[in-house]
Amino acid sequence: MKSHTEYLWFNTPNRRDYLRITDEIDDIVTKSKIQEGFCLVSAMHITASIYVNDAESGLIEDIDEWLDGLAPFGKDYRHHMTGEDNGDAHLKRMVLGHQVTLPITEGKLDLGPWEQVYYAEFDGRRRKRVVVKIIGE
Amino acid sequence: MKSHTEYLWFNTPNRRDYLRITDEIDDIVTKSKIQEGFCLVSAMHITASIYVNDAESGLIEDIDEWLDGLAPFGKDYRHHMTGEDNGDAHLKRMVLGHQVTLPITEGKLDLGPWEQVYYAEFDGRRRKRVVVKIIGE
Amino acid sequence: MKSHTEYLWFNTPNRRDYLRITDEIDDIVTKSKIQEGFCLVSAMHITASIYVNDAESGLIEDIDEWLDGLAPFGKDYRHHMTGEDNGDAHLKRMVLGHQVTLPITEGKLDLGPWEQVYYAEFDGRRRKRVVVKIIGE
């Protein structure tokens, strides 16, 4: 078994941002030289998500509006007694999930025609990290 | 390390359908001859889910009604500017998630007494694919 | 490739409880002696979640209140025709998810500074099981 571990860093200009990272993951898979395996992509900060969906700008706005309906920014969360203002971000990240496992087949990400990997930031303007870990052979 | 990869195809008669696929996954695990490992089951189309829950028809109707409350079909999503009418399906699939990792122990799926694997279709009547990839030994 | 499998049992005093289990997982990782790999933590009962978020008591109360808003306890779910009263628990567990995959790097859980692993119980006062399975080398 082989393994390969890298970290991606993000510092987004806005509080909420949605960044397509499929190409970055693809490059790491190529570098790993692993032919058959799993690639875990996982947000290491607890106010961000990793998800797979369409690279379509209208849909991304739909997702953002929908999430803010389910877990509104600016609500008076108990978590804010700690001095934070990001209670909504902790909840939003759980709707989309914080990690995906991507299959690697014949040395490439084994994705469907419209599957794109996204980093979703819900409390930006801070340095945040994502772990990309591949195991396989 | 060994690996085994198969694809399941679905073309459901209705827009929304919930199909129990535990037996299909079980057969693939047996065929792989892997004794200890992980089995990834992941929807390759972005308007479908893979989830684990109860095989109880009332609950499945509850899930469907609940999801349609959270992300209603027929709403005027921005995504529909592209000509699609499936904005709700992209959102519903994120609530249930699009993949599960099933442990394999002593050559069998290591599931609890009521754990059943489901394919949930939110934009059916099209051919859709699911990847089943096992790694282990 | 090596593998290591253990099971954790829970029997919480309340219907809903949120238990930090990072240390238990950490101990299992150490015992496995696996240096590079993946640790799957997965709820084997279908009214519980495994999730990663902050160990902050206010946030945990926010999560509980938020989930009960999205899938209220005491509603008349179709699932209750079976004699059960836990329809809400089946839905809540799907918002938070039922499993996480934790990277292991240099023999340790490779987590961000605030990542904590939680067992969320939504239908407690019964014995429930969680599988912890590690594969790697």
# chains A, B, ... in the order shown; residues from 1 in each chain; ligands from 1

$ closest_atom_pairs --of "chain B" --to "chain A" --cutoff "9 Å" --atoms "only C-alpha atoms" --output "JSON lines"
{"residue": "B:Met1", "atom": "CA", "partner": "A:Met1", "partner_atom": "CA", "distance": 5.8}
{"residue": "B:Lys2", "atom": "CA", "partner": "A:Glu137", "partner_atom": "CA", "distance": 8.2}
{"residue": "B:Ser3", "atom": "CA", "partner": "A:Glu36", "partner_atom": "CA", "distance": 6.7}
{"residue": "B:His4", "atom": "CA", "partner": "A:Glu36", "partner_atom": "CA", "distance": 8.8}
{"residue": "B:Thr5", "atom": "CA", "partner": "A:Thr105", "partner_atom": "CA", "distance": 8.0}
{"residue": "B:Leu40", "atom": "CA", "partner": "A:Pro103", "partner_atom": "CA", "distance": 7.8}
{"residue": "B:Ser42", "atom": "CA", "partner": "A:Leu102", "partner_atom": "CA", "distance": 8.5}
{"residue": "B:Ala43", "atom": "CA", "partner": "A:Gly112", "partner_atom": "CA", "distance": 8.2}
{"residue": "B:Met44", "atom": "CA", "partner": "A:Gly112", "partner_atom": "CA", "distance": 4.4}
{"residue": "B:His45", "atom": "CA", "partner": "A:Gly112", "partner_atom": "CA", "distance": 6.0}
{"residue": "B:Ile46", "atom": "CA", "partner": "A:Asn53", "partner_atom": "CA", "distance": 5.6}
{"residue": "B:Thr47", "atom": "CA", "partner": "A:Asn53", "partner_atom": "CA", "distance": 8.4}
{"residue": "B:Leu70", "atom": "CA", "partner": "A:Leu70", "partner_atom": "CA", "distance": 8.1}
{"residue": "B:Ala71", "atom": "CA", "partner": "A:Trp66", "partner_atom": "CA", "distance": 7.9}
{"residue": "B:Tyr77", "atom": "CA", "partner": "A:Asp62", "partner_atom": "CA", "distance": 6.4}
{"residue": "B:Arg78", "atom": "CA", "partner": "A:Gly58", "partner_atom": "CA", "distance": 4.8}
{"residue": "B:His79", "atom": "CA", "partner": "A:Gly58", "partner_atom": "CA", "distance": 4.6}
{"residue": "B:His80", "atom": "CA", "partner": "A:Gly58", "partner_atom": "CA", "distance": 8.0}
{"residue": "B:Met81", "atom": "CA", "partner": "A:Gly58", "partner_atom": "CA", "distance": 7.6}
{"residue": "B:Thr82", "atom": "CA", "partner": "A:Gly58", "partner_atom": "CA", "distance": 8.3}
{"residue": "B:Gly87", "atom": "CA", "partner": "A:Leu59", "partner_atom": "CA", "distance": 7.0}
{"residue": "B:His90", "atom": "CA", "partner": "A:Asn53", "partner_atom": "CA", "distance": 7.3}
{"residue": "B:Leu91", "atom": "CA", "partner": "A:Ile63", "partner_atom": "CA", "distance": 7.0}
{"residue": "B:Met94", "atom": "CA", "partner": "A:Leu96", "partner_atom": "CA", "distance": 5.7}
{"residue": "B:Val95", "atom": "CA", "partner": "A:Val95", "partner_atom": "CA", "distance": 5.9}
{"residue": "B:Leu96", "atom": "CA", "partner": "A:Val95", "partner_atom": "CA", "distance": 8.8}
{"residue": "B:Gly97", "atom": "CA", "partner": "A:Gly97", "partner_atom": "CA", "distance": 7.7}
{"residue": "B:His98", "atom": "CA", "partner": "A:Val52", "partner_atom": "CA", "distance": 8.1}
{"residue": "B:Gln99", "atom": "CA", "partner": "A:Val100", "partner_atom": "CA", "distance": 7.9}
{"residue": "B:Val100", "atom": "CA", "partner": "A:Thr101", "partner_atom": "CA", "distance": 8.8}
{"residue": "B:Thr101", "atom": "CA", "partner": "A:Thr101", "partner_atom": "CA", "distance": 8.4}
{"residue": "B:Arg129", "atom": "CA", "partner": "A:Gly112", "partner_atom": "CA", "distance": 7.8}
{"residue": "B:Val130", "atom": "CA", "partner": "A:Gly112", "partner_atom": "CA", "distance": 8.7}
{"residue": "B:Val131", "atom": "CA", "partner": "A:Pro103", "partner_atom": "CA", "distance": 8.3}
{"residue": "B:Val132", "atom": "CA", "partner": "A:Pro103", "partner_atom": "CA", "distance": 8.9}
{"residue": "B:Lys133", "atom": "CA", "partner": "A:Pro103", "partner_atom": "CA", "distance": 6.9}
{"residue": "B:Ile134", "atom": "CA", "partner": "A:Gly37", "partner_atom": "CA", "distance": 8.5}
{"residue": "B:Ile135", "atom": "CA", "partner": "A:Gly37", "partner_atom": "CA", "distance": 6.6}
{"residue": "B:Gly136", "atom": "CA", "partner": "A:Gly136", "partner_atom": "CA", "distance": 8.9}

$ select_by_dssp --residues "chain A" --states "strand (DSSP E or B)" --output "VMD selection string"
chain A and resid 2 to 10 17 to 20 37 to 43 48 to 53 99 to 105 108 to 109 116 to 121 128 to 136

$ atom_distance --atom1 "CA of Gly83 (chain C)" --atom2 "CA of Phe10 (chain C)"
23.2 Å

$ closest_residue --among "B:Ile34, B:Ser49, B:Val41, B:Val29" --to "Tyr119 (chain B)" --atoms "only C-alpha atoms"
B:Ser49

$ select_by_dssp --residues "chain B" --states "alpha helix (DSSP H)" --output "number ranges by chain"
B: 22-32, 57-70, 87-96

$ closest_residue --among "A:Glu24, A:Arg15, A:Ala120, A:Trp9" --to "Asn86 (chain A)" --atoms "only C-alpha atoms"
A:Arg15

$ atom_distance --atom1 "CA of Lys33 (chain A)" --atom2 "CA of Tyr118 (chain A)"
23.0 Å

$ residues_around --residues "Pro13 (chain B)" --least-positions-apart "3" --cutoff "9 Å" --atoms "only C-alpha atoms" --output "number ranges by chain"
B: 16-17, 124-126

$ write_last_selection --atoms "N, CA, C and O atoms" --output "compact mmCIF listing (two decimals), in the first residue's frame"
# COMPACT_ATOMS: atom_id res chain seq x y z
N ARG B 16 -38.80 10.96 -8.57
CA ARG B 16 -38.14 10.62 -7.30
C ARG B 16 -38.41 9.17 -6.94
O ARG B 16 -39.55 8.72 -7.00
N ASP B 17 -37.35 8.44 -6.61
CA ASP B 17 -37.47 7.03 -6.24
C ASP B 17 -36.40 6.70 -5.21
O ASP B 17 -35.33 7.32 -5.21
N GLY B 124 -35.26 11.53 -11.99
CA GLY B 124 -35.21 10.24 -12.66
C GLY B 124 -35.59 10.27 -14.13
O GLY B 124 -35.60 11.31 -14.77
N ARG B 125 -35.85 9.09 -14.64
CA ARG B 125 -36.19 8.91 -16.05
C ARG B 125 -35.00 9.30 -16.94
O ARG B 125 -35.18 9.79 -18.05
N ARG B 126 -33.80 9.15 -16.39
CA ARG B 126 -32.55 9.30 -17.15
C ARG B 126 -31.60 8.21 -16.64
O ARG B 126 -31.65 7.84 -15.48
